[in-house]
Amino acid sequence: MFEIGQRVELSVPGSTGNVGPGYDSLGLALGHYDDLAVTVTGAGLEFELHGEGAQAVPRTAEHLVVRAMRAAFRAAGVEDLPGLRLEATNRIPHGRGMGSSASAVVAGVLAANALLPAGRALDDRRLLQVAAAMEGHPDNVAPSLYGGLVISWSGPDGYRSAPVTVHEDVVPVVAIPDYEVPTRLARSLVPATVPHHDASVNAGRTALLVEAMTRRPELLLPATEDRLHQPYRASAMPPSARLMAALRDRGLPAMISGAGPTVLVLAAGPAQAAATERALTELTRAGADAPGVSWRVLRLRVDGQGAKLEKHPQKIQG
């Protein structure tokens, strides 16, 4: 079924989940990429890993890309895993709320699907089901698959997602700290119930956010207000919570990226993006309230395409 030497190459964007008020329902693709090449070999698993987390991830069948490939193969009715060589260059930081695990899952699912014979390949809907089932929710995998802002939900027919084109003036700026917050810990801090008023506020802000992201970026500051998850998670990431609050006090639409601890600002145009970079330089350089924490500031772009794949079906010599 699998031809030795068959190869696929992928570039998968990172993502930010929640996007402020859209807890577990909104995700945004970020122009920061992990690159992966998978080649079918005679037997076994080989790894050549570089970049973020390269020394910490397993070089066994427990590697997340391999697990995702196995899940996609099984969804297509293929139980046996072929011999594989994985070559990865990771740029998305791990444990920082920028979708590193979702990117790996999407890369594995798409790579496996590209290696399947045409008659066994999964359609887009089933690809989303496999990837979201592995992550436990679709709000990070969907942007990495489709690009842009993605609205996701689940129902009797499984996970569903609707990509939305983002206004060209929206510019993501991230401040990535040198500490991690495990997603499991961040999720455990969110209460099972919240006041009805807070839920109502978030519903309105989430609706406003779609308008701000697609047509009126000047509304991003009020549109990114959140009461469902960020206040409860602040104790797990005090430096990030303080930085977010300081930026919002300056009129900049800041939020915690995903489960944190990266701080994300969705700037309305290049002038506000530059103002954000200046504010971040000032606030993180001061460092008085976060001794020992260092930050990496990046101006990114919204990725509007999602994962890109190139398939080499012929045997590669050498």
# chains A, B, ... in the order shown; residues from 1 in each chain; ligands from 1

$ residues_around --residues "Tyr23 in chain A" --least-positions-apart "6" --cutoff "9 Å" --atoms "only C-alpha atoms" --output "NGL selection string"
:A and (17 or 139 or 202 or 206 or 226 or 228-229 or 258)

$ select_by_dssp --residues "range 100-170 of chain A" --states "strand (DSSP E or B)" --output "JSON, numbers by chain"
{"A": [149, 150, 151, 152, 153, 154, 155, 158, 159, 160, 161, 162, 163, 164, 170]}

$ write_last_selection --atoms "N, CA and C atoms" --output "CSV table (one decimal), in the first residue's frame"
chain,number,residue,atom,x,y,z
A,149,LEU,N,-9.7,33.3,10.8
A,149,LEU,CA,-10.5,33.1,12.1
A,149,LEU,C,-11.5,32.0,11.8
A,150,VAL,N,-11.6,31.1,12.8
A,150,VAL,CA,-12.5,29.9,12.6
A,150,VAL,C,-13.4,29.8,13.8
A,151,ILE,N,-14.7,29.7,13.5
A,151,ILE,CA,-15.7,29.5,14.5
A,151,ILE,C,-16.0,28.0,14.5
A,152,SER,N,-15.9,27.4,15.7
A,152,SER,CA,-16.1,26.0,15.8
A,152,SER,C,-17.2,25.6,16.8
A,153,TRP,N,-17.8,24.5,16.6
A,153,TRP,CA,-18.8,24.0,17.5
A,153,TRP,C,-18.9,22.5,17.4
A,154,SER,N,-19.7,21.9,18.3
A,154,SER,CA,-19.9,20.4,18.2
A,154,SER,C,-21.4,20.1,18.3
A,155,GLY,N,-21.8,19.0,17.7
A,155,GLY,CA,-23.2,18.6,17.8
A,155,GLY,C,-23.4,17.2,17.6
A,158,GLY,N,-20.9,15.6,15.2
A,158,GLY,CA,-19.5,15.8,15.4
A,158,GLY,C,-19.1,17.2,15.4
A,159,TYR,N,-17.8,17.4,15.2
A,159,TYR,CA,-17.2,18.8,15.2
A,159,TYR,C,-17.5,19.5,13.9
A,160,ARG,N,-17.8,20.8,14.0
A,160,ARG,CA,-17.9,21.6,12.8
A,160,ARG,C,-17.1,22.8,12.9
A,161,SER,N,-16.7,23.4,11.8
A,161,SER,CA,-16.0,24.7,11.8
A,161,SER,C,-16.4,25.5,10.6
A,162,ALA,N,-16.4,26.8,10.8
A,162,ALA,CA,-16.7,27.8,9.7
A,162,ALA,C,-15.6,28.8,9.7
A,163,PRO,N,-14.7,28.7,8.7
A,163,PRO,CA,-13.6,29.8,8.6
A,163,PRO,C,-14.2,31.1,8.1
A,164,VAL,N,-13.6,32.2,8.7
A,164,VAL,CA,-14.0,33.5,8.4
A,164,VAL,C,-12.8,34.3,7.9
A,170,VAL,N,-5.8,43.7,10.6
A,170,VAL,CA,-5.6,43.0,11.9
A,170,VAL,C,-4.1,42.5,11.9

$ residues_around --residues "range 38-51 of chain A" --least-positions-apart "2" --cutoff "8 Å" --atoms "only C-alpha atoms" --output "list of chain:residue names"
A:Phe2, A:Glu3, A:Ile4, A:Gly5, A:Gln6, A:Arg7, A:Val8, A:Glu9, A:Leu36, A:Gly53, A:Ala54, A:Arg59, A:Thr60, A:Ala61, A:Pro82, A:Gly83, A:Leu84, A:Arg85, A:Leu86, A:Glu87, A:Ala88, A:Thr89, A:Asn90, A:Arg91, A:Ala111

$ closest_residue --among "A:Thr16, A:Thr183, A:Ser101, A:Thr165" --to "Ala259 in chain A" --atoms "only C-alpha atoms"
A:Thr183

$ closest_residue --among "A:Gly136, A:Ala245, A:Leu10, A:Leu185" --to "Ala114 in chain A" --atoms "only C-alpha atoms"
A:Leu10

$ residues_around --residues "Gly108 in chain A" --least-positions-apart "5" --cutoff "7 Å" --atoms "only C-alpha atoms" --output "ChimeraX atom specification"
/A:65-66,68-69

$ atom_distance --atom1 "CA of Gly99 in chain A" --atom2 "CA of Asn140 in chain A"
6.1 Å

$ closest_residue --among "A:Ile176, A:Met1, A:Leu252, A:Leu283" --to "Arg299 in chain A" --atoms "only C-alpha atoms"
A:Ile176

$ select_by_dssp --residues "range 43-166 of chain A" --states "helix (DSSP H, G or I)" --output "VMD selection string"
chain A and resid 64 to 75 100 to 115 124 to 135 141 to 146

$ residues_around --residues "Val194 in chain A" --least-positions-apart "4" --cutoff "12 Å" --atoms "only C-alpha atoms" --output "ChimeraX atom specification"
/A:190,198-202,227-229,231-232

$ write_last_selection --atoms "N, CA and C atoms" --output "mmCIF file, in the first residue's frame"
data_model
loop_
_atom_site.group_PDB
_atom_site.id
_atom_site.type_symbol
_atom_site.label_atom_id
_atom_site.label_comp_id
_atom_site.auth_asym_id
_atom_site.auth_seq_id
_atom_site.Cartn_x
_atom_site.Cartn_y
_atom_site.Cartn_z
ATOM 1 N N VAL A 190 -10.601 26.872 35.385
ATOM 2 C CA VAL A 190 -11.856 27.452 34.914
ATOM 3 C C VAL A 190 -13.002 26.750 35.626
ATOM 4 N N ASP A 198 -21.863 37.331 33.591
ATOM 5 C CA ASP A 198 -20.576 37.172 32.911
ATOM 6 C C ASP A 198 -20.742 36.406 31.604
ATOM 7 N N ALA A 199 -21.577 35.377 31.624
ATOM 8 C CA ALA A 199 -21.829 34.620 30.397
ATOM 9 C C ALA A 199 -22.483 35.501 29.342
ATOM 10 N N SER A 200 -23.395 36.362 29.764
ATOM 11 C CA SER A 200 -24.066 37.267 28.842
ATOM 12 C C SER A 200 -23.082 38.259 28.237
ATOM 13 N N VAL A 201 -22.211 38.806 29.075
ATOM 14 C CA VAL A 201 -21.189 39.739 28.567
ATOM 15 C C VAL A 201 -20.322 39.054 27.524
ATOM 16 N N ASN A 202 -19.878 37.829 27.807
ATOM 17 C CA ASN A 202 -19.011 37.139 26.853
ATOM 18 C C ASN A 202 -19.720 36.818 25.541
ATOM 19 N N ARG A 227 -14.622 37.369 30.454
ATOM 20 C CA ARG A 227 -14.897 37.092 31.861
ATOM 21 C C ARG A 227 -15.012 35.600 32.151
ATOM 22 N N LEU A 228 -14.838 34.746 31.149
ATOM 23 C CA LEU A 228 -15.068 33.310 31.341
ATOM 24 C C LEU A 228 -13.827 32.535 31.738
ATOM 25 N N HIS A 229 -12.651 32.936 31.269
ATOM 26 C CA HIS A 229 -11.487 32.096 31.546
ATOM 27 C C HIS A 229 -10.257 32.867 32.016
ATOM 28 N N PRO A 231 -9.721 35.665 33.860
ATOM 29 C CA PRO A 231 -9.612 36.029 35.283
ATOM 30 C C PRO A 231 -9.309 34.836 36.184
ATOM 31 N N TYR A 232 -9.817 33.668 35.840
ATOM 32 C CA TYR A 232 -9.628 32.486 36.675
ATOM 33 C C TYR A 232 -8.231 31.874 36.490
#

$ residues_around --residues "range 270-280 of chain A" --least-positions-apart "2" --cutoff "8 Å" --atoms "only C-alpha atoms" --output "PDB file with C-alpha atoms, in the first residue's frame"
ATOM      1  CA  ASP A 169      -5.600  45.555   9.038  1.00  0.00           C
ATOM      2  CA  VAL A 171      -1.940  42.475  13.002  1.00  0.00           C
ATOM      3  CA  PRO A 172      -1.084  39.937  15.738  1.00  0.00           C
ATOM      4  CA  VAL A 173       1.773  40.875  18.064  1.00  0.00           C
ATOM      5  CA  ALA A 175       4.988  38.515  23.783  1.00  0.00           C
ATOM      6  CA  LEU A 247      -1.509  46.837  27.745  1.00  0.00           C
ATOM      7  CA  LEU A 252      -4.335  48.032  23.295  1.00  0.00           C
ATOM      8  CA  VAL A 265      -2.366  41.859  21.008  1.00  0.00           C
ATOM      9  CA  ALA A 267      -3.524  45.469  16.650  1.00  0.00           C
ATOM     10  CA  ALA A 268      -5.749  47.492  14.326  1.00  0.00           C
ATOM     11  CA  GLU A 282       8.960  49.312  27.782  1.00  0.00           C
ATOM     12  CA  LEU A 283       6.835  47.060  29.965  1.00  0.00           C
ATOM     13  CA  THR A 284       8.907  43.914  29.644  1.00  0.00           C
ATOM     14  CA  ARG A 285      12.213  45.716  29.972  1.00  0.00           C
ATOM     15  CA  VAL A 297       8.255  39.929  21.085  1.00  0.00           C
ATOM     16  CA  ARG A 299       4.998  40.812  15.034  1.00  0.00           C
TER      17      ARG A 299
END

$ decode --residues "range 159-273 of chain A" --atoms "C-alpha atoms" --output "PDB file, in the first residue's frame"
ATOM      1  CA  TYR A 159     -17.226  18.771  15.233  1.00  0.00           C
ATOM      2  CA  ARG A 160     -17.940  21.551  12.773  1.00  0.00           C
ATOM      3  CA  SER A 161     -15.978  24.653  11.801  1.00  0.00           C
ATOM      4  CA  ALA A 162     -16.669  27.758   9.724  1.00  0.00           C
ATOM      5  CA  PRO A 163     -13.616  29.759   8.566  1.00  0.00           C
ATOM      6  CA  VAL A 164     -14.005  33.535   8.357  1.00  0.00           C
ATOM      7  CA  THR A 165     -11.771  35.913   6.371  1.00  0.00           C
ATOM      8  CA  VAL A 166      -9.982  38.383   8.661  1.00  0.00           C
ATOM      9  CA  HIS A 167      -9.708  42.103   7.855  1.00  0.00           C
ATOM     10  CA  GLU A 168      -6.328  42.924   6.347  1.00  0.00           C
ATOM     11  CA  ASP A 169      -5.600  45.555   9.038  1.00  0.00           C
ATOM     12  CA  VAL A 170      -5.552  43.034  11.910  1.00  0.00           C
ATOM     13  CA  VAL A 171      -1.940  42.475  13.002  1.00  0.00           C
ATOM     14  CA  PRO A 172      -1.084  39.937  15.738  1.00  0.00           C
ATOM     15  CA  VAL A 173       1.773  40.875  18.064  1.00  0.00           C
ATOM     16  CA  VAL A 174       2.866  38.327  20.657  1.00  0.00           C
ATOM     17  CA  ALA A 175       4.988  38.515  23.783  1.00  0.00           C
ATOM     18  CA  ILE A 176       6.253  35.014  24.556  1.00  0.00           C
ATOM     19  CA  PRO A 177       7.652  34.488  28.073  1.00  0.00           C
ATOM     20  CA  ASP A 178      10.347  31.985  28.944  1.00  0.00           C
ATOM     21  CA  TYR A 179       8.064  29.992  31.239  1.00  0.00           C
ATOM     22  CA  GLU A 180       5.357  27.460  30.411  1.00  0.00           C
ATOM     23  CA  VAL A 181       1.846  26.848  31.722  1.00  0.00           C
ATOM     24  CA  PRO A 182       0.505  23.324  31.129  1.00  0.00           C
ATOM     25  CA  THR A 183      -2.826  23.417  29.307  1.00  0.00           C
ATOM     26  CA  ARG A 184      -4.241  20.869  31.743  1.00  0.00           C
ATOM     27  CA  LEU A 185      -3.495  23.197  34.671  1.00  0.00           C
ATOM     28  CA  ALA A 186      -4.989  26.212  32.889  1.00  0.00           C
ATOM     29  CA  ARG A 187      -8.183  24.313  32.071  1.00  0.00           C
ATOM     30  CA  SER A 188      -8.529  23.035  35.628  1.00  0.00           C
ATOM     31  CA  LEU A 189      -8.741  26.607  36.935  1.00  0.00           C
ATOM     32  CA  VAL A 190     -11.856  27.452  34.914  1.00  0.00           C
ATOM     33  CA  PRO A 191     -14.966  26.860  37.081  1.00  0.00           C
ATOM     34  CA  ALA A 192     -17.785  24.593  35.978  1.00  0.00           C
ATOM     35  CA  THR A 193     -20.314  27.418  36.397  1.00  0.00           C
ATOM     36  CA  VAL A 194     -20.066  31.202  36.053  1.00  0.00           C
ATOM     37  CA  PRO A 195     -22.463  34.058  36.860  1.00  0.00           C
ATOM     38  CA  HIS A 196     -25.185  34.539  34.270  1.00  0.00           C
ATOM     39  CA  HIS A 197     -24.155  38.181  33.774  1.00  0.00           C
ATOM     40  CA  ASP A 198     -20.576  37.172  32.911  1.00  0.00           C
ATOM     41  CA  ALA A 199     -21.829  34.620  30.397  1.00  0.00           C
ATOM     42  CA  SER A 200     -24.066  37.267  28.842  1.00  0.00           C
ATOM     43  CA  VAL A 201     -21.189  39.739  28.567  1.00  0.00           C
ATOM     44  CA  ASN A 202     -19.011  37.139  26.853  1.00  0.00           C
ATOM     45  CA  ALA A 203     -21.739  36.196  24.391  1.00  0.00           C
ATOM     46  CA  GLY A 204     -22.039  39.830  23.340  1.00  0.00           C
ATOM     47  CA  ARG A 205     -18.283  40.323  23.134  1.00  0.00           C
ATOM     48  CA  THR A 206     -17.833  37.171  21.043  1.00  0.00           C
ATOM     49  CA  ALA A 207     -20.412  38.380  18.536  1.00  0.00           C
ATOM     50  CA  LEU A 208     -18.741  41.797  18.482  1.00  0.00           C
ATOM     51  CA  LEU A 209     -15.345  40.175  17.969  1.00  0.00           C
ATOM     52  CA  VAL A 210     -16.442  38.576  14.694  1.00  0.00           C
ATOM     53  CA  GLU A 211     -17.531  42.031  13.463  1.00  0.00           C
ATOM     54  CA  ALA A 212     -14.267  43.588  14.658  1.00  0.00           C
ATOM     55  CA  MET A 213     -12.088  40.900  13.085  1.00  0.00           C
ATOM     56  CA  THR A 214     -13.832  40.973   9.729  1.00  0.00           C
ATOM     57  CA  ARG A 215     -15.043  44.558   9.172  1.00  0.00           C
ATOM     58  CA  ARG A 216     -14.266  46.998  11.993  1.00  0.00           C
ATOM     59  CA  PRO A 217     -10.868  46.428  13.651  1.00  0.00           C
ATOM     60  CA  GLU A 218     -11.266  49.686  15.595  1.00  0.00           C
ATOM     61  CA  LEU A 219     -13.667  47.750  17.857  1.00  0.00           C
ATOM     62  CA  LEU A 220     -11.070  45.177  18.899  1.00  0.00           C
ATOM     63  CA  LEU A 221     -10.490  46.604  22.391  1.00  0.00           C
ATOM     64  CA  PRO A 222     -14.065  46.189  23.657  1.00  0.00           C
ATOM     65  CA  ALA A 223     -14.518  43.051  21.540  1.00  0.00           C
ATOM     66  CA  THR A 224     -11.684  41.216  23.310  1.00  0.00           C
ATOM     67  CA  GLU A 225     -13.017  41.629  26.857  1.00  0.00           C
ATOM     68  CA  ASP A 226     -13.365  38.255  28.588  1.00  0.00           C
ATOM     69  CA  ARG A 227     -14.897  37.092  31.861  1.00  0.00           C
ATOM     70  CA  LEU A 228     -15.068  33.310  31.341  1.00  0.00           C
ATOM     71  CA  HIS A 229     -11.487  32.096  31.546  1.00  0.00           C
ATOM     72  CA  GLN A 230      -8.724  34.711  31.792  1.00  0.00           C
ATOM     73  CA  PRO A 231      -9.612  36.029  35.283  1.00  0.00           C
ATOM     74  CA  TYR A 232      -9.628  32.486  36.675  1.00  0.00           C
ATOM     75  CA  ARG A 233      -6.322  31.536  35.060  1.00  0.00           C
ATOM     76  CA  ALA A 234      -4.414  34.625  36.178  1.00  0.00           C
ATOM     77  CA  SER A 235      -3.036  32.879  39.272  1.00  0.00           C
ATOM     78  CA  ALA A 236      -1.180  30.384  37.037  1.00  0.00           C
ATOM     79  CA  MET A 237       0.587  33.164  35.088  1.00  0.00           C
ATOM     80  CA  PRO A 238       0.854  36.378  37.157  1.00  0.00           C
ATOM     81  CA  PRO A 239       3.469  38.077  34.902  1.00  0.00           C
ATOM     82  CA  SER A 240       1.312  37.481  31.817  1.00  0.00           C
ATOM     83  CA  ALA A 241      -1.867  38.652  33.557  1.00  0.00           C
ATOM     84  CA  ARG A 242      -0.155  41.853  34.701  1.00  0.00           C
ATOM     85  CA  LEU A 243       1.279  42.504  31.245  1.00  0.00           C
ATOM     86  CA  MET A 244      -2.113  41.985  29.598  1.00  0.00           C
ATOM     87  CA  ALA A 245      -3.771  44.383  32.046  1.00  0.00           C
ATOM     88  CA  ALA A 246      -1.086  47.035  31.515  1.00  0.00           C
ATOM     89  CA  LEU A 247      -1.509  46.837  27.745  1.00  0.00           C
ATOM     90  CA  ARG A 248      -5.296  47.101  27.957  1.00  0.00           C
ATOM     91  CA  ASP A 249      -4.914  50.126  30.257  1.00  0.00           C
ATOM     92  CA  ARG A 250      -3.045  51.730  27.353  1.00  0.00           C
ATOM     93  CA  GLY A 251      -5.926  51.058  24.988  1.00  0.00           C
ATOM     94  CA  LEU A 252      -4.335  48.032  23.295  1.00  0.00           C
ATOM     95  CA  PRO A 253      -6.522  44.935  22.671  1.00  0.00           C
ATOM     96  CA  ALA A 254      -4.443  42.431  24.634  1.00  0.00           C
ATOM     97  CA  MET A 255      -5.436  38.944  25.750  1.00  0.00           C
ATOM     98  CA  ILE A 256      -3.889  35.691  26.895  1.00  0.00           C
ATOM     99  CA  SER A 257      -3.148  33.530  23.869  1.00  0.00           C
ATOM    100  CA  GLY A 258      -4.986  30.237  24.243  1.00  0.00           C
ATOM    101  CA  ALA A 259      -4.276  28.715  27.645  1.00  0.00           C
ATOM    102  CA  GLY A 260      -1.245  31.020  28.036  1.00  0.00           C
ATOM    103  CA  PRO A 261       1.145  32.261  29.078  1.00  0.00           C
ATOM    104  CA  THR A 262       1.865  34.143  25.810  1.00  0.00           C
ATOM    105  CA  VAL A 263       0.243  37.578  25.640  1.00  0.00           C
ATOM    106  CA  LEU A 264      -1.363  38.448  22.300  1.00  0.00           C
ATOM    107  CA  VAL A 265      -2.366  41.859  21.008  1.00  0.00           C
ATOM    108  CA  LEU A 266      -4.588  42.080  17.933  1.00  0.00           C
ATOM    109  CA  ALA A 267      -3.524  45.469  16.650  1.00  0.00           C
ATOM    110  CA  ALA A 268      -5.749  47.492  14.326  1.00  0.00           C
ATOM    111  CA  GLY A 269      -3.247  48.353  11.619  1.00  0.00           C
ATOM    112  CA  PRO A 270       0.533  48.827  11.431  1.00  0.00           C
ATOM    113  CA  ALA A 271       0.557  52.032  13.511  1.00  0.00           C
ATOM    114  CA  GLN A 272      -1.069  50.293  16.480  1.00  0.00           C
ATOM    115  CA  ALA A 273       1.192  47.286  15.942  1.00  0.00           C
TER     116      ALA A 273
END
